[in-house]
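Below is the file upload-v3.txt, which contains compact mmCIF, C-alpha atoms.
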# COMPACT_ATOMS: atom_id res chain seq x y z
CA MET A 1 -92.12 -101.30 90.94
CA LYS A 2 -93.47 -97.85 91.71
CA GLU A 3 -96.64 -98.62 89.73
CA VAL A 4 -97.33 -101.78 91.71
CA PHE A 5 -96.76 -99.97 95.01
CA ASP A 6 -99.13 -97.14 94.02
CA ARG A 7 -101.79 -99.58 92.83
CA TYR A 8 -101.75 -101.61 96.07
CA SER A 9 -101.43 -98.58 98.34
CA THR A 10 -104.74 -97.24 96.99
CA ARG A 11 -106.42 -100.51 97.99
CA THR A 12 -105.25 -100.54 101.61
CA PRO A 13 -107.98 -99.63 104.10
CA GLU A 14 -107.75 -96.79 106.60
CA PRO A 15 -106.30 -97.69 110.01
CA LEU A 16 -108.84 -98.85 112.58
CA THR A 17 -107.67 -96.21 115.05
CA ALA A 18 -109.33 -93.58 112.86
CA GLN A 19 -112.72 -95.04 113.87
CA PHE A 20 -112.27 -94.00 117.52
CA SER A 21 -112.91 -90.28 117.83
CA GLY A 22 -112.18 -90.09 121.58
CA ARG A 23 -108.79 -91.78 121.30
CA VAL A 24 -105.96 -90.16 123.27
CA ASP A 25 -102.49 -90.01 121.75
CA LYS A 26 -99.72 -92.08 123.30
CA GLU A 27 -97.82 -89.23 124.97
CA THR A 28 -100.93 -88.01 126.81
CA ALA A 29 -101.86 -91.56 127.85
CA VAL A 30 -98.36 -92.21 129.24
CA LYS A 31 -98.40 -88.91 131.14
CA THR A 32 -101.83 -89.67 132.64
CA HIS A 33 -100.72 -93.17 133.63
CA GLU A 34 -97.62 -91.85 135.39
CA GLU A 35 -99.70 -89.29 137.29
CA LYS A 36 -102.10 -92.01 138.45
CA GLN A 37 -99.19 -94.21 139.55
CA GLY A 38 -97.72 -91.31 141.55
CA GLN A 39 -101.04 -90.74 143.30
CA ARG A 40 -101.43 -94.40 144.16
CA ILE A 41 -98.01 -94.61 145.78
CA SER A 42 -98.46 -91.48 147.90
CA THR A 43 -101.83 -92.61 149.28
CA GLN A 44 -101.62 -94.04 152.79
CA LEU A 45 -103.92 -96.93 153.57
CA PHE A 46 -104.00 -96.35 157.32
CA PRO A 47 -103.36 -92.79 158.46
CA ALA A 48 -101.17 -92.54 161.54
CA SER A 49 -103.78 -90.50 163.43
CA ILE A 50 -106.22 -93.43 163.67
CA ILE A 51 -105.59 -95.92 166.48
CA PHE A 52 -107.67 -99.06 166.58
CA VAL A 53 -108.84 -100.12 170.04
CA SER A 54 -110.77 -103.32 170.50
CA SER A 55 -112.60 -104.59 173.53
CA GLY A 56 -111.85 -107.83 175.33
CA ALA A 57 -115.03 -109.45 173.95
CA GLU A 58 -113.90 -108.82 170.37
CA GLN A 59 -110.52 -110.34 171.17
CA GLU A 60 -112.16 -113.48 172.57
CA VAL A 61 -114.35 -113.90 169.48
CA LEU A 62 -111.35 -113.52 167.19
CA GLN A 63 -109.34 -115.97 169.29
CA GLN A 64 -112.12 -118.59 169.14
CA ALA A 65 -112.50 -118.12 165.39
CA SER A 66 -108.79 -118.62 164.82
CA CYS A 67 -108.71 -121.72 167.05
CA SER A 68 -111.72 -123.36 165.39
CA PHE A 69 -109.78 -123.87 162.16
CA GLN A 70 -107.59 -126.93 162.51
CA GLN A 71 -105.12 -128.44 160.12
CA PRO A 72 -105.85 -132.03 159.08
CA ALA A 73 -103.71 -134.65 160.77
CA SER A 74 -100.62 -135.60 158.81
CA GLY A 75 -101.45 -139.34 158.99
CA SER A 76 -104.96 -139.01 157.54
CA ARG A 77 -103.82 -139.77 154.00
CA ALA A 78 -105.55 -142.73 152.36
CA VAL A 79 -103.46 -145.81 151.65
CA ARG A 80 -102.88 -146.46 147.96
CA LYS A 81 -104.59 -149.50 146.51
CA CYS A 82 -103.84 -151.64 143.54
CA SER A 83 -106.12 -150.81 140.61
CA LYS A 84 -106.11 -154.44 139.51
CA CYS A 85 -106.97 -156.36 142.72
CA LYS A 86 -108.08 -153.38 144.90
CA ARG A 87 -105.87 -154.45 147.84
CA PRO A 88 -103.69 -151.91 149.69
CA GLY A 89 -99.93 -152.05 150.00
CA HIS A 90 -98.87 -152.30 146.37
CA THR A 91 -99.58 -150.88 142.92
CA ARG A 92 -100.70 -152.54 139.72
CA ARG A 93 -97.13 -152.84 138.49
CA LYS A 94 -96.12 -154.95 141.51
CA CYS A 95 -99.40 -156.88 141.88
CA PRO A 96 -98.81 -160.49 142.98
CA GLU A 97 -101.77 -161.80 140.97
Give the structure from this file in structure tokens form.
Amino acid sequence: MKEVFDRYSTRTPEPLTAQFSGRVDKETAVKTHEEKQGQRISTQLFPASIIFVSSGAEQEVLQQASCSFQQPASGSRAVRKCSKCKRPGHTRRKCPE
């Protein structure tokens, strides 16, 4: 058994990770990732010192833009038609023809 193991172990190729010279070990990668996550959480998107003031004209433009988008009417759905006779009100399964 030992002979077979030694014979096959000499034939196994080197791991592919050996090809990457700039590879960082797992502990360092985990530490770097945790540091980046800590920085991301502590970053504020909008600092408290900045106050946004908009003019009345900007408000009107935004109001018009929001009003121009309208939802489609709920009754605008097309009536189903029979695929056999092409008449509305029933399906192919219940077709009178």
- [ ] Enter the distance from CA of Cys82 in chain A to CA of Cys95 in chain A, in Å, rounded to one decimal.
- [x]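 Computed distance, CA of Cys82 in chain A to CA of Cys95 in chain A, equals 7.1 Å.
From CA of Gln37 in chain A back to CA of Leu16 in chain A, the distance works out to 29.0 Å.
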- [ ] Between CA of Ser76 in chain A and CA of His90 in chain A, measure the distance and give it in Å to one decimal.
- [x]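 Going from CA of Ser76 in chain A over to CA of His90 in chain A covers 18.4 Å.
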